[in-house]
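So this block is final.tsv, TSV, C-alpha atoms:
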chain	number	residue	atom	x	y	z
A	1	MET	CA	-9.42	20.48	0.64
A	2	ASN	CA	-10.77	16.94	0.76
A	3	LEU	CA	-7.83	15.69	-1.31
A	4	VAL	CA	-5.27	17.45	0.89
A	5	VAL	CA	-6.80	16.30	4.18
A	6	ALA	CA	-7.27	12.73	2.94
A	7	THR	CA	-3.66	12.59	1.71
A	8	VAL	CA	-2.33	13.86	5.07
A	9	GLY	CA	-4.42	11.28	6.90
A	10	PHE	CA	-3.31	8.50	4.57
A	11	THR	CA	0.32	9.51	5.17
A	12	LEU	CA	0.02	9.48	8.97
A	13	THR	CA	-1.91	6.22	9.17
A	14	PHE	CA	0.55	4.58	6.78
A	15	TRP	CA	3.40	5.73	8.99
A	16	ALA	CA	1.59	4.12	11.91
A	17	TRP	CA	0.97	0.98	9.85
A	18	ASP	CA	4.71	0.71	9.11
A	19	LEU	CA	6.10	1.49	12.57
A	20	ILE	CA	7.38	-2.03	13.25
A	21	ALA	CA	9.28	-2.70	10.00
A	22	PRO	CA	12.08	-0.12	10.44
A	23	LEU	CA	12.66	-1.48	13.95
A	24	GLY	CA	12.60	-5.12	12.84
A	25	SER	CA	16.28	-5.71	13.52
A	26	ASP	CA	15.94	-4.13	16.97
A	27	TYR	CA	13.08	-6.49	17.82
A	28	ARG	CA	15.13	-9.39	16.48
A	29	ASP	CA	18.14	-8.54	18.66
A	30	ARG	CA	16.09	-7.76	21.77
A	31	LEU	CA	13.81	-10.80	21.56
A	32	GLY	CA	16.19	-13.26	19.87
A	33	LEU	CA	13.95	-13.83	16.86
A	34	THR	CA	14.64	-16.08	13.89
A	35	ALA	CA	14.45	-14.65	10.36
A	36	LEU	CA	10.99	-16.18	9.91
A	37	GLN	CA	9.72	-14.80	13.24
A	38	GLN	CA	10.97	-11.35	12.31
A	39	SER	CA	9.29	-11.59	8.90
A	40	LEU	CA	6.03	-12.61	10.55
A	41	LEU	CA	6.21	-9.65	12.93
A	42	VAL	CA	6.58	-7.09	10.15
A	43	ALA	CA	4.02	-8.85	7.92
A	44	VAL	CA	1.15	-9.18	10.42
A	45	PRO	CA	0.09	-5.49	10.23
A	46	VAL	CA	0.03	-5.83	6.45
A	47	ILE	CA	-2.40	-8.76	6.36
A	48	ALA	CA	-4.59	-7.25	9.09
A	49	GLY	CA	-4.78	-3.96	7.20
A	50	ALA	CA	-5.47	-5.79	3.96
A	51	VAL	CA	-8.38	-7.82	5.32
A	52	GLY	CA	-9.73	-4.78	7.16
A	53	ARG	CA	-10.05	-2.81	3.93
A	54	VAL	CA	-12.98	-4.95	2.79
A	55	PRO	CA	-15.45	-3.97	5.55
A	56	VAL	CA	-14.00	-0.45	5.86
A	57	GLY	CA	-14.51	0.20	2.14
A	58	ALA	CA	-18.09	-1.05	2.31
A	59	LEU	CA	-18.77	1.01	5.44
A	60	THR	CA	-17.40	4.08	3.66
A	61	ASP	CA	-19.91	3.56	0.86
A	62	ARG	CA	-22.65	3.55	3.50
A	63	TYR	CA	-21.55	6.15	6.06
A	64	GLY	CA	-19.12	8.31	4.12
A	65	ALA	CA	-15.53	9.39	4.63
A	66	ARG	CA	-16.52	12.27	6.90
A	67	LEU	CA	-17.29	9.74	9.65
A	68	MET	CA	-14.91	6.93	8.73
A	69	PHE	CA	-11.64	8.84	8.31
A	70	PRO	CA	-11.61	10.46	11.79
A	71	LEU	CA	-12.96	7.29	13.41
A	72	VAL	CA	-10.36	4.90	11.95
A	73	SER	CA	-7.56	7.40	12.58
A	74	ALA	CA	-8.60	7.71	16.22
A	75	LEU	CA	-8.76	3.95	16.71
A	76	THR	CA	-5.27	3.59	15.20
A	77	ILE	CA	-3.82	5.61	18.09
A	78	VAL	CA	-4.54	2.72	20.48
A	79	PRO	CA	-2.16	0.10	19.00
A	80	VAL	CA	0.47	2.76	18.29
A	81	LEU	CA	0.72	3.57	21.99
A	82	LEU	CA	0.40	-0.08	23.03
A	83	LEU	CA	3.67	-0.81	21.24
A	84	ILE	CA	5.47	0.93	24.12
A	85	PRO	CA	4.57	-1.38	27.02
A	86	THR	CA	4.62	-4.56	24.87
A	87	ARG	CA	8.04	-4.15	23.22
A	88	ASP	CA	9.76	-6.77	25.42
A	89	SER	CA	7.27	-9.56	24.61
A	90	TYR	CA	7.09	-11.18	21.18
A	91	ALA	CA	3.58	-12.55	21.70
A	92	ALA	CA	2.22	-9.21	22.96
A	93	THR	CA	3.92	-7.25	20.17
A	94	LEU	CA	2.53	-9.68	17.61
A	95	ALA	CA	-0.99	-9.12	18.98
A	96	VAL	CA	-0.58	-5.33	18.87
A	97	ALA	CA	0.87	-5.60	15.35
A	98	PHE	CA	-2.41	-7.20	14.28
A	99	LEU	CA	-4.35	-4.23	15.69
A	100	LEU	CA	-1.90	-1.86	14.02
A	101	GLY	CA	-3.21	-3.12	10.70
A	102	LEU	CA	-6.16	-0.76	11.22
A	103	GLY	CA	-3.95	2.06	9.99
A	104	GLY	CA	-3.69	0.41	6.60
A	105	THR	CA	-7.45	0.46	6.01
A	106	THR	CA	-7.71	4.23	5.37
A	107	PHE	CA	-6.81	3.57	1.75
A	108	ALA	CA	-10.32	2.18	1.24
A	109	ILE	CA	-11.76	5.38	2.74
A	110	GLY	CA	-9.77	7.89	0.71
A	111	VAL	CA	-10.20	6.37	-2.75
A	112	PRO	CA	-14.02	6.68	-2.90
A	113	LEU	CA	-13.81	10.16	-1.30
A	114	VAL	CA	-11.34	11.47	-3.90
A	115	ASN	CA	-13.05	9.58	-6.71
A	116	SER	CA	-16.38	11.28	-5.95
A	117	TRP	CA	-14.97	14.83	-6.06
A	118	PHE	CA	-13.03	14.57	-9.34
A	119	PRO	CA	-14.42	14.26	-12.90
A	120	PRO	CA	-13.39	11.14	-14.84
A	121	GLU	CA	-10.74	12.93	-16.90
A	122	ARG	CA	-8.93	14.09	-13.73
A	123	ARG	CA	-9.44	11.15	-11.39
A	124	GLY	CA	-6.14	9.53	-12.27
A	125	LEU	CA	-4.13	12.54	-11.14
A	126	GLY	CA	-6.33	13.04	-8.06
A	127	LEU	CA	-6.01	9.42	-7.00
A	128	GLY	CA	-2.30	9.54	-7.75
A	129	VAL	CA	-1.86	12.53	-5.45
A	130	PHE	CA	-3.83	10.73	-2.74
A	131	GLY	CA	-1.65	7.69	-3.31
A	132	MET	CA	1.36	9.81	-2.36
A	133	GLY	CA	0.20	9.17	1.18
A	134	MET	CA	2.20	5.97	0.84
A	135	GLY	CA	5.06	8.33	1.64
A	136	GLY	CA	4.19	7.52	5.24
A	137	VAL	CA	6.32	4.41	4.68
A	138	ALA	CA	9.25	6.62	3.63
A	139	LEU	CA	8.75	8.85	6.67
A	140	SER	CA	8.68	5.79	8.89
A	141	GLY	CA	11.78	4.30	7.32
A	142	TYR	CA	13.75	7.51	7.77
A	143	PHE	CA	12.52	8.96	11.06
A	144	THR	CA	11.42	5.96	13.13
A	145	PRO	CA	14.86	4.39	13.70
A	146	ARG	CA	16.45	7.81	14.29
A	147	MET	CA	13.88	8.76	16.91
A	148	ALA	CA	14.21	5.32	18.53
A	149	ARG	CA	17.95	5.89	19.00
A	150	HIS	CA	17.15	8.85	21.26
A	151	ASP	CA	14.27	7.19	23.10
A	152	GLU	CA	12.65	3.83	22.33
A	153	ALA	CA	9.19	5.22	23.01
A	154	LEU	CA	9.62	8.47	21.04
A	155	PRO	CA	8.42	7.32	17.58
A	156	PHE	CA	5.22	5.89	19.05
A	157	LEU	CA	4.52	9.03	21.07
A	158	VAL	CA	5.14	11.29	18.06
A	159	VAL	CA	2.92	9.29	15.69
A	160	GLY	CA	0.18	8.91	18.31
A	161	SER	CA	0.17	12.66	18.96
A	162	ALA	CA	0.13	13.49	15.24
A	163	LEU	CA	-2.85	11.19	14.73
A	164	ALA	CA	-4.71	12.83	17.61
A	165	VAL	CA	-4.28	16.27	15.99
A	166	TYR	CA	-5.30	14.89	12.63
A	167	VAL	CA	-8.51	13.38	14.03
A	168	LEU	CA	-9.68	16.86	15.03
A	169	LEU	CA	-8.76	18.39	11.67
A	170	ALA	CA	-10.42	15.60	9.70
A	171	ALA	CA	-13.63	15.89	11.71
A	172	LEU	CA	-13.76	19.59	10.88
A	173	LEU	CA	-12.62	19.63	7.25
A	174	ILE	CA	-13.59	16.43	5.43
A	175	ARG	CA	-16.84	16.64	3.51
A	176	ASP	CA	-18.68	13.98	1.54
A	177	ARG	CA	-20.13	14.98	-1.80
A	178	PRO	CA	-23.72	16.15	-1.13
A	179	ASP	CA	-25.21	14.20	-4.03
A	180	ARG	CA	-23.37	10.95	-3.35
A	181	THR	CA	-25.45	7.79	-3.65
A	182	VAL	CA	-25.93	6.07	-0.29
A	183	PRO	CA	-26.47	2.31	-0.71
A	184	THR	CA	-29.30	0.79	1.26
A	185	ALA	CA	-28.42	-2.88	0.86
A	186	SER	CA	-26.77	-4.80	3.66
A	187	LEU	CA	-22.99	-4.89	4.05
A	188	ALA	CA	-22.87	-8.55	3.05
A	189	GLY	CA	-25.10	-7.92	0.05
A	190	ARG	CA	-22.97	-5.03	-1.21
A	191	LEU	CA	-19.76	-7.00	-0.83
A	192	ALA	CA	-21.32	-9.96	-2.64
A	193	ARG	CA	-22.47	-7.69	-5.46
A	194	SER	CA	-19.00	-6.17	-5.84
A	195	GLY	CA	-17.47	-9.63	-5.69
A	196	ARG	CA	-19.58	-10.70	-8.67
A	197	LEU	CA	-17.99	-8.05	-10.89
A	198	ARG	CA	-15.31	-9.69	-12.99
A	199	VAL	CA	-13.29	-6.49	-13.01
A	200	THR	CA	-12.97	-6.65	-9.21
A	201	TRP	CA	-10.82	-9.76	-9.43
A	202	GLU	CA	-8.92	-8.64	-12.52
A	203	LEU	CA	-7.90	-5.45	-10.76
A	204	SER	CA	-7.21	-7.36	-7.56
A	205	ALA	CA	-4.70	-9.61	-9.32
A	206	LEU	CA	-2.91	-6.65	-10.89
A	207	TYR	CA	-2.90	-4.66	-7.66
A	208	ALA	CA	-1.54	-7.62	-5.71
A	209	ILE	CA	1.57	-7.28	-7.87
A	210	GLY	CA	1.78	-3.48	-7.96
A	211	PHE	CA	0.79	-2.38	-4.47
A	212	GLY	CA	1.78	-5.71	-2.98
A	213	GLY	CA	5.29	-5.13	-4.26
A	214	ILE	CA	5.39	-1.65	-2.73
A	215	VAL	CA	4.23	-2.89	0.67
A	216	ALA	CA	6.52	-5.92	0.57
A	217	PHE	CA	9.58	-3.80	-0.14
A	218	GLY	CA	8.43	-1.19	2.35
A	219	VAL	CA	8.25	-3.66	5.22
A	220	TYR	CA	11.10	-6.01	4.24
A	221	LEU	CA	13.65	-3.88	2.40
A	222	PRO	CA	15.40	-2.70	5.61
A	223	THR	CA	15.82	-6.35	6.66
A	224	TYR	CA	17.04	-7.36	3.19
A	225	LEU	CA	19.61	-4.55	3.05
A	226	LYS	CA	20.85	-5.26	6.57
A	227	THR	CA	20.97	-9.04	6.14
A	228	TRP	CA	22.41	-9.29	2.63
A	229	TYR	CA	24.51	-6.13	2.34
A	230	GLY	CA	25.43	-5.67	6.00
A	231	LEU	CA	24.06	-2.14	6.34
A	232	SER	CA	23.36	-0.62	9.72
A	233	PRO	CA	19.68	-0.24	10.71
A	234	THR	CA	19.91	3.53	10.11
A	235	ASP	CA	21.50	3.21	6.67
A	236	ALA	CA	19.08	0.46	5.68
A	237	GLY	CA	16.14	2.58	6.81
A	238	THR	CA	17.46	5.56	4.84
A	239	LYS	CA	17.78	3.56	1.61
A	240	ALA	CA	14.35	2.00	2.16
A	241	ALA	CA	12.96	5.51	2.64
A	242	GLY	CA	14.48	6.51	-0.70
A	243	PHE	CA	12.81	3.51	-2.34
A	244	ALA	CA	9.45	4.48	-0.85
A	245	LEU	CA	9.93	8.12	-1.90
A	246	ILE	CA	10.36	7.08	-5.54
A	247	THR	CA	7.12	5.06	-5.41
A	248	VAL	CA	5.36	8.10	-3.94
A	249	VAL	CA	6.62	10.45	-6.66
A	250	MET	CA	5.79	8.03	-9.47
A	251	ARG	CA	2.24	7.24	-8.33
A	252	PRO	CA	0.67	10.53	-9.50
A	253	LEU	CA	2.66	10.23	-12.72
A	254	GLY	CA	1.07	6.82	-13.26
A	255	GLY	CA	-2.37	8.34	-12.70
A	256	TRP	CA	-1.60	11.28	-14.99
A	257	LEU	CA	-0.45	8.96	-17.78
A	258	ALA	CA	-3.56	6.80	-17.31
A	259	ASP	CA	-5.75	9.93	-17.67
A	260	ARG	CA	-4.24	10.55	-21.10
A	261	PHE	CA	-3.78	7.02	-22.43
A	262	ASN	CA	-5.55	3.72	-21.99
A	263	PRO	CA	-4.92	2.90	-18.31
A	264	ALA	CA	-4.67	-0.81	-19.10
A	265	VAL	CA	-1.78	-0.11	-21.49
A	266	VAL	CA	-0.02	2.10	-18.93
A	267	THR	CA	-0.44	-0.65	-16.33
A	268	SER	CA	0.93	-3.27	-18.72
A	269	ALA	CA	4.00	-1.15	-19.52
A	270	ALA	CA	4.70	-0.53	-15.82
A	271	LEU	CA	4.45	-4.23	-14.97
A	272	GLY	CA	6.74	-5.13	-17.86
A	273	PHE	CA	9.28	-2.63	-16.53
A	274	ILE	CA	9.05	-4.29	-13.10
A	275	ALA	CA	9.54	-7.76	-14.60
A	276	LEU	CA	12.70	-6.61	-16.36
A	277	PHE	CA	14.38	-4.98	-13.36
A	278	ALA	CA	13.38	-7.67	-10.84
A	279	ILE	CA	15.66	-10.11	-12.65
A	280	VAL	CA	18.88	-8.23	-11.90
A	281	PRO	CA	18.82	-8.44	-8.06
A	282	ALA	CA	18.35	-12.20	-8.43
A	283	PHE	CA	21.97	-12.34	-9.58
A	284	GLU	CA	23.07	-10.62	-6.36
A	285	PRO	CA	24.91	-7.58	-7.77
A	286	ALA	CA	26.92	-5.16	-5.65
A	287	LEU	CA	24.70	-2.60	-3.94
A	288	ASP	CA	26.58	0.37	-5.44
A	289	PRO	CA	25.72	1.17	-8.11
A	290	VAL	CA	23.92	-1.74	-9.84
A	291	GLY	CA	21.81	-2.95	-6.90
A	292	THR	CA	20.72	0.56	-5.97
A	293	ILE	CA	19.79	1.47	-9.56
A	294	CYS	CA	17.72	-1.71	-9.95
A	295	LEU	CA	15.87	-1.14	-6.68
A	296	LEU	CA	15.08	2.46	-7.65
A	297	CYS	CA	13.84	1.31	-11.08
A	298	LEU	CA	11.63	-1.27	-9.35
A	299	ALA	CA	10.27	1.52	-7.14
A	300	ALA	CA	9.48	3.64	-10.21
A	301	GLY	CA	7.64	0.79	-11.91
A	302	LEU	CA	5.67	-0.17	-8.81
A	303	GLY	CA	4.63	3.43	-8.15
A	304	THR	CA	3.49	3.94	-11.74
A	305	ALA	CA	1.49	0.71	-11.69
A	306	GLY	CA	-0.20	1.69	-8.43
A	307	GLY	CA	-1.39	4.98	-9.91
A	308	SER	CA	-2.60	3.55	-13.21
A	309	ILE	CA	-4.45	0.58	-11.70
A	310	PHE	CA	-6.70	2.78	-9.59
A	311	THR	CA	-7.34	5.09	-12.52
A	312	LEU	CA	-8.53	1.98	-14.32
A	313	LEU	CA	-10.70	1.08	-11.30
A	314	SER	CA	-12.32	4.52	-11.27
A	315	ARG	CA	-13.22	4.12	-14.96
A	316	VAL	CA	-14.71	0.65	-14.82
A	317	THR	CA	-16.51	0.58	-11.45
A	318	PRO	CA	-20.02	1.99	-10.83
A	319	GLN	CA	-19.71	4.99	-8.51
A	320	PRO	CA	-21.88	3.60	-5.64
A	321	GLN	CA	-19.64	0.52	-5.53
A	322	VAL	CA	-16.25	2.24	-5.60
A	323	GLY	CA	-15.72	1.85	-1.85
A	324	SER	CA	-16.64	-1.83	-1.80
A	325	VAL	CA	-14.57	-2.66	-4.88
A	326	THR	CA	-11.67	-0.59	-3.54
A	327	GLY	CA	-11.88	-2.52	-0.28
A	328	ILE	CA	-11.65	-5.88	-2.05
A	329	VAL	CA	-8.93	-4.76	-4.47
A	330	GLY	CA	-6.99	-3.07	-1.68
A	331	ALA	CA	-7.32	-6.17	0.48
A	332	VAL	CA	-5.91	-8.43	-2.19
A	333	GLY	CA	-3.17	-5.88	-2.84
A	334	GLY	CA	-2.32	-5.85	0.84
A	335	LEU	CA	-2.26	-9.64	0.90
A	336	GLY	CA	0.10	-9.39	-2.02
A	337	GLY	CA	2.35	-7.45	0.34
A	338	PHE	CA	1.93	-9.98	3.14
A	339	VAL	CA	3.20	-13.00	1.28
A	340	PRO	CA	6.57	-11.76	-0.09
A	341	PRO	CA	8.16	-10.90	3.30
A	342	LEU	CA	7.33	-14.40	4.55
A	343	VAL	CA	8.62	-15.93	1.30
A	344	MET	CA	11.83	-13.87	1.45
A	345	GLY	CA	12.43	-14.83	5.07
A	346	ALA	CA	11.73	-18.51	4.39
A	347	VAL	CA	13.86	-18.57	1.20
A	348	TYR	CA	16.77	-16.91	2.97
A	349	SER	CA	16.51	-19.33	5.89
A	350	VAL	CA	16.74	-22.31	3.51
A	351	GLN	CA	18.89	-21.04	0.62
A	352	ASP	CA	20.93	-18.28	2.30
A	353	SER	CA	19.98	-16.19	-0.75
A	354	TYR	CA	17.09	-14.02	-2.01
A	355	SER	CA	17.47	-14.92	-5.71
A	356	ILE	CA	14.40	-17.16	-5.94
A	357	ALA	CA	12.18	-14.47	-4.40
A	358	PHE	CA	13.22	-11.87	-6.99
A	359	MET	CA	12.68	-14.31	-9.85
A	360	LEU	CA	9.17	-15.01	-8.56
A	361	LEU	CA	8.45	-11.27	-8.55
A	362	SER	CA	9.67	-11.00	-12.14
A	363	ASP	CA	7.47	-13.91	-13.25
A	364	LEU	CA	4.37	-12.48	-11.59
A	365	ALA	CA	4.94	-9.03	-13.04
A	366	LEU	CA	5.39	-10.47	-16.52
A	367	ALA	CA	2.12	-12.42	-16.19
A	368	GLY	CA	0.32	-9.24	-15.09
A	369	CYS	CA	1.87	-7.30	-17.99
A	370	VAL	CA	0.52	-9.78	-20.53
A	371	TYR	CA	-2.95	-9.99	-18.98
A	372	ALA	CA	-3.40	-6.21	-18.61
A	373	TYR	CA	-2.49	-5.67	-22.27
A	374	ALA	CA	-4.32	-8.66	-23.75
A	375	GLY	CA	-7.35	-8.85	-21.48
A	376	MET	CA	-8.24	-5.35	-20.31
A	377	ARG	CA	-7.56	-2.96	-23.19
A	378	LYS	CA	-10.89	-3.53	-24.90
A	379	PRO	CA	-14.55	-3.73	-23.77
A	380	PRO	CA	-15.86	-7.26	-23.13
A	381	PRO	CA	-17.75	-8.92	-25.97
A	382	ALA	CA	-21.53	-8.76	-26.11
A	383	GLY	CA	-23.12	-11.09	-23.61
A	384	ALA	CA	-20.08	-11.21	-21.35
A	385	PRO	CA	-20.50	-10.66	-17.62
A	386	HIS	CA	-20.92	-6.97	-16.83
A	387	ARG	CA	-17.69	-5.08	-16.66
A	388	PRO	CA	-17.85	-1.39	-17.60
A	389	ALA	CA	-15.00	-0.77	-20.01
A	390	PRO	CA	-12.44	2.01	-19.73
A	391	THR	CA	-12.69	4.78	-22.28
A	392	PRO	CA	-9.25	5.16	-23.85
A	393	THR	CA	-8.17	8.77	-24.32
A	394	GLY	CA	-5.04	8.12	-26.31
Render the structure in this file as structure tokens.
Amino acid sequence: MNLVVATVGFTLTFWAWDLIAPLGSDYRDRLGLTALQQSLLVAVPVIAGAVGRVPVGALTDRYGARLMFPLVSALTIVPVLLLIPTRDSYAATLAVAFLLGLGGTTFAIGVPLVNSWFPPERRGLGLGVFGMGMGGVALSGYFTPRMARHDEALPFLVVGSALAVYVLLAALLIRDRPDRTVPTASLAGRLARSGRLRVTWELSALYAIGFGGIVAFGVYLPTYLKTWYGLSPTDAGTKAAGFALITVVMRPLGGWLADRFNPAVVTSAALGFIALFAIVPAFEPALDPVGTICLLCLAAGLGTAGGSIFTLLSRVTPQPQVGSVTGIVGAVGGLGGFVPPLVMGAVYSVQDSYSIAFMLLSDLALAGCVYAYAGMRKPPPAGAPHRPAPTPTG
């Protein structure tokens, strides 16, 4: 029940978090935005949600998901509805977009909740199923522009209403594990302690590539498809939804594989797959079929990496610190999703091409592939800074 309710909440808040991206071209046309201004508008919720995961994860360690999930979901309703009266002002929409980032922080609530209820040998699959809540991006990409064609305010009213219903259900159904360890140290002290774990920053770097890539494509893919391939907003949103759907389906598979094999090896293989298929779009192939196949392969690799990285986190992080470490790792991952849309917008403005951006993604993924395989497969040597090692099962 906790897994189901958390996944539903993650899906709805992620839909809220991604409300602006599918409408990016509409905002551009209505407000006369440049490519860089449009990129900033769709990226601001990402960075706000990323930074917000750090305190939200630490607060979840202290107060539990039973309080935090309904509370954060309820607060997310406010910016969702504020998007209606502010849609004709770039400055006001940008400010609301920052508040909308709150919806992206629920990731740091759900991971410690699911992690606490599943035994180590099943955490990968459980976290992978929870990670399917990223399908909120797919729902947003598909439904948001279609609803907006009927009424500009409709998508915000629908998502706000759905969140209101969810708040009531979450308050009734979510339960924290009775024997969970409640930290007594201060918020700053717990974050500092988690920050001193070497594994926190290793996982952060890997997740910045994996999850950062998912978020970056989720928020910028409609713009890329419309700008480079001339698709309509509806067609671009539909293809972006298909990309997001593949990442959602592959995430539990990544967790399942990481349950059965060394999660560092699974992560390395997924990142290597990403590095390979990120090269092809740099040569600007036709969308059908080569471009589409490459984008779907990228989605599969990114989804698999997202599932395996958090299986690795659940193995190597002390249970009382899972929320704090998840907050930091999720924050860096979200920041990894903030930078690429700005880079893609800036590169396109200067070069009239996205090739350099795809080559950078390939280089980063290759670096992560090498580090995950060479640096995280084995326990640290005696005397090294504390980093609990994963227990390979295959």
Inset, instruction - Using only C-alpha atoms, find the one residue out of A:Thr223, A:Ser39, A:Ser308, A:Thr11 that sits nearest to Thr267 (chain A). - result: A:Ser308
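With all atoms listed in the file as the atoms that count, the residue of A:Gly254, A:Pro45, A:Gly135, A:Pro120 with the shortest distance to Leu12 (chain A) is A:Gly135.
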Please tabulate, as a tab-separated table, the residues of region 119-210 of chain A that come within 8 Å of region 80-84 of chain A, each with its closest pair of atoms and the distance in Å to one decimal, counting all atoms listed in the file and ordering rows by chain, then residue number upward.
residue	atom	partner	partner_atom	distance
A:Glu152	CA	A:Ile84	CA	7.9
A:Ala153	CA	A:Ile84	CA	5.8
A:Phe156	CA	A:Val80	CA	5.7
A:Leu157	CA	A:Leu81	CA	6.7
A:Val159	CA	A:Val80	CA	7.4
A:Gly160	CA	A:Val80	CA	6.2
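Note that the spacing between CA of Leu187 (chain A) and CA of Gly57 (chain A) amounts to 10.1 Å.
For the atom pair formed by CA of Ala108 (chain A) and CA of Arg53 (chain A), the distance is 5.7 Å, given to one decimal.
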With only C-alpha atoms counted and 9 Å as the cut-off, give the residues of region 104-208 of chain A in contact with region 229-249 of chain A, each with its shortest interatomic distance in Å and the pair that gives it, as a tab-separated table.
residue	atom	partner	partner_atom	distance
A:Gly128	CA	A:Val248	CA	8.7
A:Val129	CA	A:Val248	CA	8.6
A:Gly131	CA	A:Val248	CA	7.1
A:Met132	CA	A:Val248	CA	4.6
A:Gly133	CA	A:Val248	CA	7.3
A:Met134	CA	A:Val248	CA	6.1
A:Gly135	CA	A:Val248	CA	5.6
A:Gly136	CA	A:Ala244	CA	8.6
A:Val137	CA	A:Ala244	CA	6.4
A:Ala138	CA	A:Ala241	CA	4.0
A:Leu139	CA	A:Ala241	CA	6.7
A:Ser140	CA	A:Ala241	CA	7.6
A:Gly141	CA	A:Gly237	CA	4.7
A:Tyr142	CA	A:Thr238	CA	5.1
A:Phe143	CA	A:Gly237	CA	8.5
A:Thr144	CA	A:Gly237	CA	8.6
A:Pro145	CA	A:Thr234	CA	6.3
A:Arg146	CA	A:Thr234	CA	6.9
Which residues are near region 206-218 of chain A? Cut-off 7 Å, only C-alpha atoms, ignore same chain within fewer than 5 positions. Put them as a CSV table (one decimal) with C-alpha atoms, in the coordinates of the input.
chain,number,residue,atom,x,y,z
A,137,VAL,CA,6.3,4.4,4.7
A,240,ALA,CA,14.4,2.0,2.2
A,244,ALA,CA,9.4,4.5,-0.8
A,302,LEU,CA,5.7,-0.2,-8.8
A,305,ALA,CA,1.5,0.7,-11.7
A,306,GLY,CA,-0.2,1.7,-8.4
A,309,ILE,CA,-4.4,0.6,-11.7
A,329,VAL,CA,-8.9,-4.8,-4.5
A,332,VAL,CA,-5.9,-8.4,-2.2
A,333,GLY,CA,-3.2,-5.9,-2.8
A,334,GLY,CA,-2.3,-5.8,0.8
A,335,LEU,CA,-2.3,-9.6,0.9
A,336,GLY,CA,0.1,-9.4,-2.0
A,337,GLY,CA,2.4,-7.4,0.3
A,338,PHE,CA,1.9,-10.0,3.1
A,340,PRO,CA,6.6,-11.8,-0.1
A,341,PRO,CA,8.2,-10.9,3.3
A,364,LEU,CA,4.4,-12.5,-11.6
A,365,ALA,CA,4.9,-9.0,-13.0
A,368,GLY,CA,0.3,-9.2,-15.1
Can you report as lines of an AutoDock Vina configuration file the centre and edge lengths in Å, to one decimal, of an axis-aligned box around the listed atoms of region 41-48 of chain A padded with 6 Å on each side?
center_x = 1.0
center_y = -7.6
center_z = 9.6
size_x = 23.2
size_y = 16.2
size_z = 18.6
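The spacing separating CA of Tyr354 (chain A) from CA of Leu40 (chain A) amounts to 16.8 Å.
Between Leu168 (chain A) and the candidates A:Leu67, A:Ala270, A:Leu125, A:Leu33, the tightest atom-to-atom separation, counting all atoms listed in the file, involves A:Leu67.
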Taking a cut-off of 9 Å and counting only C-alpha atoms, can you build a table that, for each residue of region 63-180 of chain A near region 312-326 of chain A, reports the nearest atom pair and how far apart they are in Å (one decimal), sorted by chain then residue number, as CSV?
residue,atom,partner,partner_atom,distance
A:Phe107,CA,A:Thr326,CA,8.3
A:Ala108,CA,A:Thr326,CA,5.7
A:Ile109,CA,A:Gly323,CA,7.0
A:Gly110,CA,A:Gly323,CA,8.9
A:Val111,CA,A:Thr326,CA,7.2
A:Pro112,CA,A:Gly323,CA,5.2
A:Leu113,CA,A:Gly323,CA,8.5
A:Asn115,CA,A:Ser314,CA,6.9
A:Ser116,CA,A:Gln319,CA,7.6
A:Pro120,CA,A:Arg315,CA,7.0
A:Arg123,CA,A:Ser314,CA,7.2
A:Gly124,CA,A:Ser314,CA,8.0
A:Arg180,CA,A:Pro320,CA,7.8
Within 6 Å of (-5.3, -1.0, -22.9), in the coordinates the file gives, what residues turn up when you count only C-alpha atoms, written out as a short mmCIF file (atom, residue, chain, number, x, y, z; two decimals) with C-alpha atoms, keeping the file's coordinate frame?
data_model
loop_
_atom_site.label_atom_id
_atom_site.label_comp_id
_atom_site.auth_asym_id
_atom_site.auth_seq_id
_atom_site.Cartn_x
_atom_site.Cartn_y
_atom_site.Cartn_z
CA ASN A 262 -5.55 3.72 -21.99
CA ALA A 264 -4.67 -0.81 -19.10
CA VAL A 265 -1.78 -0.11 -21.49
CA TYR A 373 -2.49 -5.67 -22.27
CA MET A 376 -8.24 -5.35 -20.31
CA ARG A 377 -7.56 -2.96 -23.19
#
Please, which residues are within 12 Å of (-20.8, 8.5, 5.1) by the file's coordinates, counting all atoms listed in the file, and could they come as a short mmCIF file (atom, residue, chain, number, x, y, z; two decimals) with C-alpha atoms, in the coordinates of the input?
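The new file part.cif reads:
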data_model
loop_
_atom_site.label_atom_id
_atom_site.label_comp_id
_atom_site.auth_asym_id
_atom_site.auth_seq_id
_atom_site.Cartn_x
_atom_site.Cartn_y
_atom_site.Cartn_z
CA VAL A 56 -14.00 -0.45 5.86
CA GLY A 57 -14.51 0.20 2.14
CA ALA A 58 -18.09 -1.05 2.31
CA LEU A 59 -18.77 1.01 5.44
CA THR A 60 -17.40 4.08 3.66
CA ASP A 61 -19.91 3.56 0.86
CA ARG A 62 -22.65 3.55 3.50
CA TYR A 63 -21.55 6.15 6.06
CA GLY A 64 -19.12 8.31 4.12
CA ALA A 65 -15.53 9.39 4.63
CA ARG A 66 -16.52 12.27 6.90
CA LEU A 67 -17.29 9.74 9.65
CA MET A 68 -14.91 6.93 8.73
CA PHE A 69 -11.64 8.84 8.31
CA PRO A 70 -11.61 10.46 11.79
CA LEU A 71 -12.96 7.29 13.41
CA ILE A 109 -11.76 5.38 2.74
CA GLY A 110 -9.77 7.89 0.71
CA PRO A 112 -14.02 6.68 -2.90
CA LEU A 113 -13.81 10.16 -1.30
CA ILE A 174 -13.59 16.43 5.43
CA ARG A 175 -16.84 16.64 3.51
CA ASP A 176 -18.68 13.98 1.54
CA ARG A 177 -20.13 14.98 -1.80
CA PRO A 178 -23.72 16.15 -1.13
CA ASP A 179 -25.21 14.20 -4.03
CA ARG A 180 -23.37 10.95 -3.35
CA THR A 181 -25.45 7.79 -3.65
CA VAL A 182 -25.93 6.07 -0.29
CA PRO A 183 -26.47 2.31 -0.71
CA PRO A 320 -21.88 3.60 -5.64
CA GLY A 323 -15.72 1.85 -1.85
#
